[in-house]
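S.K.: If you scroll down you'll find the structure; I have some questions about it.
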Amino acid sequence: MAEHPAYPVGLRLTGRRVVVLGAGQVAQRRLPALIAAGADIHLVSPEATPSVEAMADAGELTWHRRPYAEGDLTDAWYALIATSDHAANERASAEAESRRVWCVRSDDADRATAWTPATGTSEGVTVAVLTTDAKGRDPRHTAAIRDAVVAGLRDGTLVAPHHRTRTPGVALVGGGPGDPDLITVRGRRLLAEADVVIADRLGPRDLLAELPPHVEVIDAAKIPYGRYMAQEAINNALIEHAKQGKSVVRLKGGDPYVFGRGMEELQALAEAGIPCTVVPGISSSISVPGAAGIPVTHRGVAHEFTVVSGHVAPDDERSLVDWPSLARLTGTLVILMGVDKIGKIAETLVAHGKPAGTPVALVQEGTTAAQRRVDATLATVAETVRTQEVKPPAVIVIGEVVAVGPRA
């Protein structure tokens with residue numbers, strides 16, 4: 001006789017009695033979803049993992065510290081049987097059958113009256129995957145399908161043509177250090193929903209190629225010492241397109257608030273009455289050194305790191321950086337936008353007590369296919385930058401952590 005496929009259904013368990021037998025790893029994985037569903041959970045088990053015990057201590061479920069006993073499934077709507085005692089599981093399964101309680105069994109799916117699908121959620125949508133072939137059930141296969149669908153929903157690559165979400169207003173999206181895979185899931189999804197994208201040169205440019213043809217892309221590149229789009233013009237472009245009811249993404253490199261003028265743009269939008277969402281990004285100040293094999297902190301070497309902008313020289317009256325104090329720190333110094341000023345910066349640090357032999361690493365085009373690491377010391381870095389033709393964008397790391405690990 002051919003076996004029929006399972007009938008998929010969503011259970012509404014809010015306030016309804018759910019019995020979980022066993023408090024091991026299976027219960028630990030399943031309980032959070034039952035708690036989120038608002039179920040009245042009764043856990044029956046003499047012992048529990050620390051995580052499950054913490055759920056009981058927090059009042060998220062009622063824990064009966066004993067083995068299963070006949071009658072535990074009275075008035076239950078749903079049961080999860082997950083003990084290590086096969087005989088007890090058989091008795092509980094029989095009770096569930098007699099009481100017409102839908103029952104999941106972790107030890108023998110074929111003896112259960114319900115199966116737990118591989119589930120995931122994204123933006124109010126729950127994806128549940130069940131196999132149609134009972135003999136070939138493979139939880140790894142269903143989980144892989146679940147993951148692929150949820151990932152597509154989260155990053156915007158899987159969107160129903162007639163149900164494309166649009167969020168009028170502006171999103172300031174931190175695109176990360178350059179590798180398109182390092183943008184956040186939320187940032188990628190907002191890009192997929194955009195009508196207009198105003199992009200910096202340091203943003204993950206490869207992502208722009210994925211945008212649909214109708215999306216307007218505006219180049220806001222601030223190329224050092226070359227053509228640039230004034231900040232006021234960027235602000236005006238954001239406001240103008242948002243007022244037309246469009247979904248606008250301001251795609252920035254790194255994080256919007258780490259030397260990214262994100263707050264300036266947010267303030268301009270607020271004054272214009274434009275709603276704005278800020279999506280944090282992975283800052284190049286820690287990710288680029290990491291990609292080059294340099295930890296910004298390391299036990300016994302550096303207990304702190306300081307990130308500063310090097311776009312203004314130490315002797316420039318516009319500088320807000322206390323370079324003498326930085327020279328006295330024993331931790332790691334990370335400098336952004338400082339390639340052309342590194343000679344003066346190194347000179348100033350040495351003049352205020354930083355050893356001339358302090359290791360320095362310059363990581364150019366970090367996390368991209370063009371990534372390059374050049375090592376030096378404070379005494380040699382100015383000449384090294386010149387002879388090795390190091391160009392922006394590059395992250396500069398100063399400190400003993402440069403010599404800690406193998407070069408990446």
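Quick note on naming: the chains in the structure tokens go A, B, ... in the order shown, residues restart at 1 in each chain, and ligands are numbered from 1 in order of appearance.
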Quick one: everything within 9 Å of segment 289-302 of chain A, counting only C-alpha atoms, minus sequence neighbours fewer than 6 positions away in the same chain. Send it as a JSON list (two decimals) with all heavy atoms, in the first residue's frame.
M.R.:
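The file below, part04.json, is the result:
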```json
[["chain", "number", "residue", "atom", "x", "y", "z"],
["A", 330, "THR", "N", 49.45, 51.53, 25.12],
["A", 330, "THR", "CA", 50.18, 50.29, 24.83],
["A", 330, "THR", "C", 49.38, 49.36, 23.92],
["A", 330, "THR", "O", 49.88, 48.30, 23.54],
["A", 330, "THR", "CB", 50.50, 49.54, 26.14],
["A", 330, "THR", "OG1", 49.27, 49.27, 26.84],
["A", 330, "THR", "CG2", 51.42, 50.38, 27.01],
["A", 331, "GLY", "N", 48.15, 49.72, 23.60],
["A", 331, "GLY", "CA", 47.31, 48.87, 22.77],
["A", 331, "GLY", "C", 47.52, 49.10, 21.29],
["A", 331, "GLY", "O", 48.54, 49.66, 20.85],
["A", 332, "THR", "N", 46.54, 48.69, 20.51],
["A", 332, "THR", "CA", 46.61, 48.77, 19.06],
["A", 332, "THR", "C", 46.01, 50.08, 18.58],
["A", 332, "THR", "O", 44.99, 50.54, 19.09],
["A", 332, "THR", "CB", 45.83, 47.60, 18.43],
["A", 332, "THR", "OG1", 46.32, 46.37, 18.97],
["A", 332, "THR", "CG2", 45.97, 47.60, 16.92],
["A", 333, "LEU", "N", 46.65, 50.67, 17.59],
["A", 333, "LEU", "CA", 46.15, 51.88, 16.96],
["A", 333, "LEU", "C", 45.76, 51.54, 15.52],
["A", 333, "LEU", "O", 46.57, 51.04, 14.75],
["A", 333, "LEU", "CB", 47.22, 52.97, 16.98],
["A", 333, "LEU", "CG", 46.86, 54.34, 16.37],
["A", 333, "LEU", "CD1", 45.66, 54.95, 17.09],
["A", 333, "LEU", "CD2", 48.05, 55.27, 16.44],
["A", 334, "VAL", "N", 44.50, 51.80, 15.18],
["A", 334, "VAL", "CA", 44.01, 51.56, 13.83],
["A", 334, "VAL", "C", 43.69, 52.91, 13.20],
["A", 334, "VAL", "O", 42.92, 53.70, 13.77],
["A", 334, "VAL", "CB", 42.74, 50.67, 13.84],
["A", 334, "VAL", "CG1", 42.25, 50.45, 12.41],
["A", 334, "VAL", "CG2", 43.02, 49.34, 14.52],
["A", 361, "ALA", "N", 51.35, 47.67, 9.87],
["A", 361, "ALA", "CA", 50.87, 46.95, 8.69],
["A", 361, "ALA", "C", 49.88, 47.85, 7.95],
["A", 361, "ALA", "O", 49.04, 48.51, 8.57],
["A", 361, "ALA", "CB", 50.20, 45.64, 9.07],
["A", 362, "LEU", "N", 49.99, 47.90, 6.65],
["A", 362, "LEU", "CA", 49.04, 48.61, 5.80],
["A", 362, "LEU", "C", 48.32, 47.57, 4.96],
["A", 362, "LEU", "O", 48.96, 46.79, 4.24],
["A", 362, "LEU", "CB", 49.75, 49.63, 4.90],
["A", 362, "LEU", "CG", 50.61, 50.67, 5.64],
["A", 362, "LEU", "CD1", 52.08, 50.29, 5.55],
["A", 362, "LEU", "CD2", 50.36, 52.05, 5.09],
["A", 363, "VAL", "N", 47.00, 47.54, 5.07],
["A", 363, "VAL", "CA", 46.20, 46.56, 4.32],
["A", 363, "VAL", "C", 45.36, 47.33, 3.30],
["A", 363, "VAL", "O", 44.43, 48.04, 3.66],
["A", 363, "VAL", "CB", 45.30, 45.74, 5.26],
["A", 363, "VAL", "CG1", 44.61, 44.63, 4.46],
["A", 363, "VAL", "CG2", 46.11, 45.15, 6.41],
["A", 366, "GLY", "N", 41.24, 45.90, 1.55],
["A", 366, "GLY", "CA", 40.98, 44.76, 2.42],
["A", 366, "GLY", "C", 39.68, 44.04, 2.13],
["A", 366, "GLY", "O", 38.66, 44.66, 1.83],
["A", 367, "THR", "N", 39.70, 42.73, 2.22],
["A", 367, "THR", "CA", 38.60, 41.77, 2.02],
["A", 367, "THR", "C", 38.20, 41.60, 0.56],
["A", 367, "THR", "O", 37.31, 40.81, 0.25],
["A", 367, "THR", "CB", 37.33, 42.10, 2.84],
["A", 367, "THR", "OG1", 36.60, 43.17, 2.23],
["A", 367, "THR", "CG2", 37.66, 42.42, 4.29],
["A", 371, "GLN", "N", 43.17, 42.57, -2.28],
["A", 371, "GLN", "CA", 43.77, 42.83, -0.97],
["A", 371, "GLN", "C", 45.28, 42.63, -0.99],
["A", 371, "GLN", "O", 45.80, 41.68, -1.58],
["A", 371, "GLN", "CB", 43.15, 41.90, 0.08],
["A", 371, "GLN", "CG", 43.81, 42.03, 1.47],
["A", 371, "GLN", "CD", 43.12, 41.19, 2.51],
["A", 371, "GLN", "OE1", 41.92, 41.30, 2.72],
["A", 371, "GLN", "NE2", 43.88, 40.33, 3.19],
["A", 372, "ARG", "N", 45.97, 43.56, -0.34],
["A", 372, "ARG", "CA", 47.43, 43.49, -0.26],
["A", 372, "ARG", "C", 47.87, 44.00, 1.11],
["A", 372, "ARG", "O", 47.38, 45.03, 1.59],
["A", 372, "ARG", "CB", 48.04, 44.36, -1.36],
["A", 372, "ARG", "CG", 49.55, 44.49, -1.30],
["A", 372, "ARG", "CD", 50.08, 45.12, -2.58],
["A", 372, "ARG", "NE", 49.94, 46.54, -2.62],
["A", 372, "ARG", "CZ", 50.97, 47.42, -2.69],
["A", 372, "ARG", "NH1", 52.20, 46.95, -2.73],
["A", 372, "ARG", "NH2", 50.76, 48.70, -2.76],
["A", 373, "ARG", "N", 48.78, 43.29, 1.74],
["A", 373, "ARG", "CA", 49.33, 43.70, 3.03],
["A", 373, "ARG", "C", 50.80, 44.06, 2.88],
["A", 373, "ARG", "O", 51.59, 43.31, 2.31],
["A", 373, "ARG", "CB", 49.18, 42.57, 4.06],
["A", 373, "ARG", "CG", 49.91, 42.83, 5.36],
["A", 373, "ARG", "CD", 49.67, 41.72, 6.37],
["A", 373, "ARG", "NE", 50.58, 41.83, 7.51],
["A", 373, "ARG", "CZ", 50.54, 41.05, 8.59],
["A", 373, "ARG", "NH1", 49.64, 40.07, 8.66],
["A", 373, "ARG", "NH2", 51.40, 41.22, 9.59],
["A", 395, "VAL", "N", 43.80, 50.30, 5.39],
["A", 395, "VAL", "CA", 43.70, 50.39, 6.85],
["A", 395, "VAL", "C", 45.10, 50.20, 7.41],
["A", 395, "VAL", "O", 45.83, 49.28, 7.02],
["A", 395, "VAL", "CB", 42.75, 49.31, 7.41],
["A", 395, "VAL", "CG1", 42.76, 49.30, 8.93],
["A", 395, "VAL", "CG2", 41.33, 49.55, 6.89],
["A", 396, "ILE", "N", 45.48, 51.08, 8.32],
["A", 396, "ILE", "CA", 46.82, 51.05, 8.92],
["A", 396, "ILE", "C", 46.70, 50.55, 10.35],
["A", 396, "ILE", "O", 45.92, 51.08, 11.15],
["A", 396, "ILE", "CB", 47.46, 52.44, 8.89],
["A", 396, "ILE", "CG1", 47.51, 52.98, 7.45],
["A", 396, "ILE", "CG2", 48.86, 52.40, 9.50],
["A", 396, "ILE", "CD1", 47.91, 54.44, 7.36],
["A", 397, "VAL", "N", 47.48, 49.53, 10.69],
["A", 397, "VAL", "CA", 47.48, 48.96, 12.04],
["A", 397, "VAL", "C", 48.85, 49.17, 12.64],
["A", 397, "VAL", "O", 49.86, 48.78, 12.05],
["A", 397, "VAL", "CB", 47.13, 47.46, 12.01],
["A", 397, "VAL", "CG1", 46.97, 46.93, 13.44],
["A", 397, "VAL", "CG2", 45.86, 47.21, 11.21],
["A", 399, "GLY", "N", 51.10, 48.51, 16.14],
["A", 399, "GLY", "CA", 51.16, 47.84, 17.44],
["A", 399, "GLY", "C", 51.72, 46.45, 17.33],
["A", 399, "GLY", "O", 51.92, 45.90, 16.23],
["A", 400, "GLU", "N", 51.99, 45.84, 18.48],
["A", 400, "GLU", "CA", 52.62, 44.53, 18.52],
["A", 400, "GLU", "C", 51.72, 43.43, 17.95],
["A", 400, "GLU", "O", 52.22, 42.36, 17.59],
["A", 400, "GLU", "CB", 53.01, 44.19, 19.97],
["A", 400, "GLU", "CG", 54.06, 45.14, 20.58],
["A", 400, "GLU", "CD", 55.34, 45.18, 19.76],
["A", 400, "GLU", "OE1", 55.75, 44.13, 19.21],
["A", 400, "GLU", "OE2", 55.93, 46.28, 19.67],
["A", 401, "VAL", "N", 50.41, 43.67, 17.85],
["A", 401, "VAL", "CA", 49.53, 42.64, 17.29],
["A", 401, "VAL", "C", 49.87, 42.35, 15.82],
["A", 401, "VAL", "O", 49.53, 41.27, 15.31],
["A", 401, "VAL", "CB", 48.05, 43.06, 17.39],
["A", 401, "VAL", "CG1", 47.60, 43.08, 18.84],
["A", 401, "VAL", "CG2", 47.79, 44.38, 16.69],
["A", 402, "VAL", "N", 50.53, 43.28, 15.17],
["A", 402, "VAL", "CA", 50.89, 43.07, 13.76],
["A", 402, "VAL", "C", 51.78, 41.84, 13.61],
["A", 402, "VAL", "O", 51.72, 41.13, 12.59],
["A", 402, "VAL", "CB", 51.61, 44.33, 13.21],
["A", 402, "VAL", "CG1", 52.23, 44.05, 11.84],
["A", 402, "VAL", "CG2", 50.65, 45.48, 13.13],
["A", 403, "ALA", "N", 52.58, 41.55, 14.62],
["A", 403, "ALA", "CA", 53.54, 40.44, 14.54],
["A", 403, "ALA", "C", 53.05, 39.18, 15.23],
["A", 403, "ALA", "O", 53.80, 38.21, 15.36],
["A", 403, "ALA", "CB", 54.87, 40.88, 15.16],
["A", 404, "VAL", "N", 51.79, 39.15, 15.66],
["A", 404, "VAL", "CA", 51.30, 38.02, 16.46],
["A", 404, "VAL", "C", 51.11, 36.76, 15.63],
["A", 404, "VAL", "O", 51.59, 35.69, 15.99],
["A", 404, "VAL", "CB", 49.98, 38.39, 17.17],
["A", 404, "VAL", "CG1", 49.28, 37.13, 17.68],
["A", 404, "VAL", "CG2", 50.24, 39.35, 18.31],
["A", 405, "GLY", "N", 50.38, 36.85, 14.54],
["A", 405, "GLY", "CA", 49.99, 35.65, 13.82],
["A", 405, "GLY", "C", 50.69, 35.51, 12.49],
["A", 405, "GLY", "O", 51.42, 36.41, 12.04],
["A", 406, "PRO", "N", 50.43, 34.38, 11.81],
["A", 406, "PRO", "CA", 50.99, 34.20, 10.47],
["A", 406, "PRO", "C", 50.32, 35.16, 9.49],
["A", 406, "PRO", "O", 49.15, 35.49, 9.65],
["A", 406, "PRO", "CB", 50.64, 32.74, 10.14],
["A", 406, "PRO", "CG", 49.44, 32.45, 10.97],
["A", 406, "PRO", "CD", 49.65, 33.23, 12.23],
["A", 407, "ARG", "N", 51.04, 35.59, 8.52],
["A", 407, "ARG", "CA", 50.47, 36.52, 7.55],
["A", 407, "ARG", "C", 49.42, 35.84, 6.70],
["A", 407, "ARG", "O", 49.63, 34.74, 6.20],
["A", 407, "ARG", "CB", 51.58, 37.10, 6.65],
["A", 407, "ARG", "CG", 52.49, 38.06, 7.40],
["A", 407, "ARG", "CD", 53.44, 38.74, 6.47],
["A", 407, "ARG", "NE", 52.77, 39.31, 5.31],
["A", 407, "ARG", "CZ", 53.27, 40.30, 4.57],
["A", 407, "ARG", "NH1", 54.43, 40.81, 4.86],
["A", 407, "ARG", "NH2", 52.62, 40.74, 3.52],
["A", 408, "ALA", "N", 48.25, 36.53, 6.53],
["A", 408, "ALA", "CA", 47.15, 35.97, 5.74],
["A", 408, "ALA", "C", 47.29, 36.39, 4.30],
["A", 408, "ALA", "O", 47.89, 37.40, 4.00],
["A", 408, "ALA", "CB", 45.81, 36.41, 6.30]]
```
S.K.: Can you list, as a PyMOL selection string, all residues belonging to segment 67-193 of chain A that DSSP tags as alpha helix (DSSP H)?
M.R.: chain A and resi 86-99+139-155+185-193
S.K.: Write a file of the just-selected residues containing N, CA and C atoms, as a CSV table (one decimal), in the first residue's frame.
M.R.:
```csv
chain,number,residue,atom,x,y,z
A,86,HIS,N,13.2,4.1,25.6
A,86,HIS,CA,12.4,3.7,24.4
A,86,HIS,C,11.1,3.1,24.9
A,87,ALA,N,11.1,2.4,26.0
A,87,ALA,CA,9.8,1.8,26.5
A,87,ALA,C,8.9,2.9,27.0
A,88,ALA,N,9.4,3.9,27.7
A,88,ALA,CA,8.5,5.0,28.1
A,88,ALA,C,8.0,5.8,26.9
A,89,ASN,N,8.8,5.9,25.8
A,89,ASN,CA,8.3,6.6,24.6
A,89,ASN,C,7.2,5.8,24.0
A,90,GLU,N,7.3,4.4,24.0
A,90,GLU,CA,6.3,3.6,23.4
A,90,GLU,C,5.0,3.8,24.2
A,91,ARG,N,5.1,3.8,25.5
A,91,ARG,CA,3.8,4.0,26.4
A,91,ARG,C,3.2,5.3,26.1
A,92,ALA,N,4.1,6.4,26.1
A,92,ALA,CA,3.5,7.7,25.9
A,92,ALA,C,2.9,7.8,24.5
A,93,SER,N,3.5,7.2,23.5
A,93,SER,CA,3.0,7.3,22.2
A,93,SER,C,1.6,6.6,22.1
A,94,ALA,N,1.5,5.5,22.8
A,94,ALA,CA,0.2,4.8,22.9
A,94,ALA,C,-0.9,5.6,23.5
A,95,GLU,N,-0.5,6.3,24.6
A,95,GLU,CA,-1.4,7.2,25.3
A,95,GLU,C,-1.8,8.3,24.4
A,96,ALA,N,-0.9,8.9,23.6
A,96,ALA,CA,-1.2,10.0,22.7
A,96,ALA,C,-2.2,9.5,21.7
A,97,GLU,N,-2.0,8.3,21.2
A,97,GLU,CA,-2.9,7.7,20.2
A,97,GLU,C,-4.3,7.6,20.8
A,98,SER,N,-4.4,7.1,22.0
A,98,SER,CA,-5.7,6.8,22.6
A,98,SER,C,-6.4,8.1,22.9
A,99,ARG,N,-5.7,9.1,23.2
A,99,ARG,CA,-6.3,10.4,23.6
A,99,ARG,C,-6.4,11.4,22.4
A,139,PRO,N,16.7,14.7,7.4
A,139,PRO,CA,16.6,16.0,8.0
A,139,PRO,C,17.6,17.0,7.5
A,140,ARG,N,18.8,16.5,7.1
A,140,ARG,CA,19.8,17.4,6.5
A,140,ARG,C,19.3,18.0,5.2
A,141,HIS,N,18.6,17.2,4.4
A,141,HIS,CA,18.1,17.6,3.1
A,141,HIS,C,17.0,18.7,3.3
A,142,THR,N,16.1,18.4,4.2
A,142,THR,CA,15.0,19.4,4.4
A,142,THR,C,15.5,20.7,5.0
A,143,ALA,N,16.5,20.6,5.9
A,143,ALA,CA,17.1,21.8,6.5
A,143,ALA,C,17.9,22.6,5.5
A,144,ALA,N,18.5,21.9,4.5
A,144,ALA,CA,19.2,22.7,3.5
A,144,ALA,C,18.3,23.4,2.6
A,145,ILE,N,17.1,22.8,2.3
A,145,ILE,CA,16.1,23.5,1.5
A,145,ILE,C,15.5,24.7,2.3
A,146,ARG,N,15.2,24.4,3.6
A,146,ARG,CA,14.8,25.5,4.4
A,146,ARG,C,15.7,26.7,4.4
A,147,ASP,N,17.0,26.4,4.6
A,147,ASP,CA,18.0,27.4,4.7
A,147,ASP,C,18.1,28.2,3.4
A,148,ALA,N,18.0,27.5,2.3
A,148,ALA,CA,18.1,28.2,1.0
A,148,ALA,C,16.9,29.2,0.8
A,149,VAL,N,15.7,28.7,1.1
A,149,VAL,CA,14.5,29.6,1.0
A,149,VAL,C,14.6,30.8,1.9
A,150,VAL,N,14.9,30.5,3.2
A,150,VAL,CA,14.9,31.6,4.1
A,150,VAL,C,16.0,32.6,3.8
A,151,ALA,N,17.2,32.1,3.3
A,151,ALA,CA,18.3,33.1,2.9
A,151,ALA,C,17.8,33.9,1.7
A,152,GLY,N,17.1,33.3,0.8
A,152,GLY,CA,16.6,34.1,-0.3
A,152,GLY,C,15.6,35.2,0.1
A,153,LEU,N,14.7,34.8,1.0
A,153,LEU,CA,13.8,35.8,1.5
A,153,LEU,C,14.5,36.9,2.3
A,154,ARG,N,15.5,36.6,3.1
A,154,ARG,CA,16.2,37.6,3.9
A,154,ARG,C,17.0,38.5,3.1
A,155,ASP,N,17.7,38.0,2.1
A,155,ASP,CA,18.6,38.9,1.3
A,155,ASP,C,17.9,39.5,0.1
A,185,VAL,N,22.5,40.8,6.3
A,185,VAL,CA,21.3,40.2,5.7
A,185,VAL,C,20.3,41.3,5.5
A,186,ARG,N,20.1,42.1,6.5
A,186,ARG,CA,19.1,43.2,6.4
A,186,ARG,C,19.5,44.2,5.3
A,187,GLY,N,20.7,44.5,5.3
A,187,GLY,CA,21.2,45.5,4.2
A,187,GLY,C,21.0,45.0,2.8
A,188,ARG,N,21.3,43.7,2.6
A,188,ARG,CA,21.1,43.1,1.3
A,188,ARG,C,19.6,43.1,0.9
A,189,ARG,N,18.8,42.8,1.9
A,189,ARG,CA,17.3,42.8,1.6
A,189,ARG,C,16.8,44.2,1.2
A,190,LEU,N,17.2,45.2,1.9
A,190,LEU,CA,16.8,46.5,1.6
A,190,LEU,C,17.3,47.0,0.2
A,191,LEU,N,18.5,46.5,-0.1
A,191,LEU,CA,19.0,46.8,-1.5
A,191,LEU,C,18.1,46.2,-2.5
A,192,ALA,N,17.6,45.0,-2.3
A,192,ALA,CA,16.8,44.3,-3.2
A,192,ALA,C,15.4,45.0,-3.4
A,193,GLU,N,15.0,45.8,-2.4
A,193,GLU,CA,13.7,46.4,-2.4
A,193,GLU,C,13.8,47.9,-2.9
```
S.K.: Hey, which of A:Asp316, A:Tyr257, A:Ser325, A:Trp115 ends up closest to Pro5 of chain A? Count only C-alpha atoms.
M.R.: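 So, comparing all the options, the nearest one is A:Trp115.
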S.K.: Would you mind reading off the distance between atom CA of Leu238 of chain A and atom CA of Gly176 of chain A, one decimal, in Å?
M.R.: 20.5 Å
S.K.: Could you work out how far atom CA of Tyr78 of chain A lies from atom CA of Leu13 of chain A, giving the answer in Å with one decimal?
M.R.: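 It comes out at 8.4 Å.
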S.K.: Which residues come within 8 Å of Asp75 of chain A, counting only C-alpha atoms, excluding same-chain residues fewer than 2 positions away, as a ChimeraX atom specification?
M.R.: /A:17,73,77
S.K.: Contacts of Met55 of chain A at 12 Å or less, counting only C-alpha atoms, minus same-chain residues fewer than 2 places along, as a VMD selection string?
M.R.: chain A and resid 23 27 to 29 31 to 32 34 to 35 41 to 43 48 to 53 57 to 63
S.K.: Select from segment 103-218 of chain A everything DSSP, run on the backbone, classes as strand (DSSP E), then give the selection as a compact mmCIF listing (two decimals) with N, CA and C atoms, in the first residue's frame.
M.R.:
```txt
# COMPACT_ATOMS: atom_id res chain seq x y z
N CYS A 103 1.29 13.77 18.13
CA CYS A 103 2.49 13.40 18.86
C CYS A 103 3.69 13.29 17.93
N VAL A 104 4.78 13.92 18.33
CA VAL A 104 6.06 13.83 17.63
C VAL A 104 7.00 12.97 18.45
N ARG A 105 7.71 12.07 17.80
CA ARG A 105 8.67 11.23 18.50
C ARG A 105 10.05 11.43 17.90
N ALA A 118 11.37 21.28 9.11
CA ALA A 118 12.49 22.21 9.23
C ALA A 118 11.91 23.61 8.98
N THR A 119 12.03 24.49 9.97
CA THR A 119 11.38 25.80 9.86
C THR A 119 12.38 26.94 9.96
N GLY A 120 11.97 28.06 9.42
CA GLY A 120 12.74 29.30 9.52
C GLY A 120 11.80 30.47 9.27
N THR A 121 12.17 31.64 9.72
CA THR A 121 11.32 32.81 9.55
C THR A 121 12.08 33.97 8.95
N SER A 122 11.37 34.82 8.25
CA SER A 122 11.94 36.04 7.68
C SER A 122 10.83 37.03 7.41
N VAL A 125 7.27 35.86 7.65
CA VAL A 125 6.95 34.66 6.89
C VAL A 125 7.65 33.46 7.53
N THR A 126 6.88 32.40 7.77
CA THR A 126 7.46 31.17 8.29
C THR A 126 7.55 30.15 7.17
N VAL A 127 8.73 29.60 6.98
CA VAL A 127 8.96 28.57 5.97
C VAL A 127 9.07 27.23 6.70
N ALA A 128 8.26 26.26 6.29
CA ALA A 128 8.30 24.93 6.88
C ALA A 128 8.48 23.91 5.76
N VAL A 129 9.48 23.06 5.91
CA VAL A 129 9.80 22.09 4.84
C VAL A 129 9.62 20.67 5.37
N GLY A 169 11.08 56.00 1.96
CA GLY A 169 12.00 56.59 2.91
C GLY A 169 13.42 56.23 2.54
N VAL A 170 14.31 56.43 3.49
CA VAL A 170 15.74 56.21 3.23
C VAL A 170 16.30 55.21 4.22
N ALA A 171 17.14 54.33 3.74
CA ALA A 171 17.90 53.42 4.59
C ALA A 171 19.38 53.73 4.42
N LEU A 172 20.03 54.07 5.52
CA LEU A 172 21.49 54.24 5.50
C LEU A 172 22.08 52.87 5.79
N VAL A 173 22.64 52.26 4.76
CA VAL A 173 23.10 50.88 4.87
C VAL A 173 24.62 50.81 4.88
N GLY A 174 25.16 50.24 5.94
CA GLY A 174 26.59 49.98 5.98
C GLY A 174 26.89 48.74 5.17
N VAL A 196 15.97 53.46 -5.64
CA VAL A 196 17.14 54.30 -5.89
C VAL A 196 18.25 53.89 -4.93
N VAL A 197 19.48 53.78 -5.45
CA VAL A 197 20.63 53.48 -4.61
C VAL A 197 21.68 54.56 -4.85
N ILE A 198 22.06 55.25 -3.80
CA ILE A 198 23.13 56.25 -3.86
C ILE A 198 24.35 55.63 -3.20
N ALA A 199 25.35 55.33 -4.00
CA ALA A 199 26.44 54.47 -3.56
C ALA A 199 27.77 55.20 -3.49
N GLU A 216 17.53 52.97 -10.07
CA GLU A 216 18.42 54.08 -10.42
C GLU A 216 19.60 54.08 -9.46
N VAL A 217 20.80 54.02 -10.02
CA VAL A 217 22.02 54.03 -9.20
C VAL A 217 22.72 55.37 -9.40
N ILE A 218 22.94 56.07 -8.30
CA ILE A 218 23.60 57.38 -8.33
C ILE A 218 24.98 57.24 -7.71
```
S.K.: Please identify all polymer residues within 12 Å of segment 376-380 of chain A, counting only C-alpha atoms, omitting same-chain residues fewer than 2 positions from it, and present them as a ChimeraX atom specification.
M.R.: /A:327,333,342-351,353-363,373-374,382-388,390,396-400,402-403
S.K.: A:Val321, A:Val20, A:Leu11, A:Ile282: which is nearest Asp181 of chain A, counting only C-alpha atoms?
M.R.: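 Going through A:Val321, A:Val20, A:Leu11, A:Ile282 one by one, the smallest distance to Asp181 of chain A is for A:Ile282.
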S.K.: Report the distance between atom CA of His241 of chain A and atom CA of Gln267 of chain A in Å, rounded to one decimal place.
M.R.: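 Separation of atom CA of His241 of chain A and atom CA of Gln267 of chain A: 16.5 Å.
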S.K.: Hey, what's within 12 Å of Ile239 of chain A if we count only C-alpha atoms and toss same-chain stuff fewer than 6 positions away? As an MDAnalysis selection string, please?
M.R.: chainID A and resid 168:171 196 198 232:233 245:250 265:276
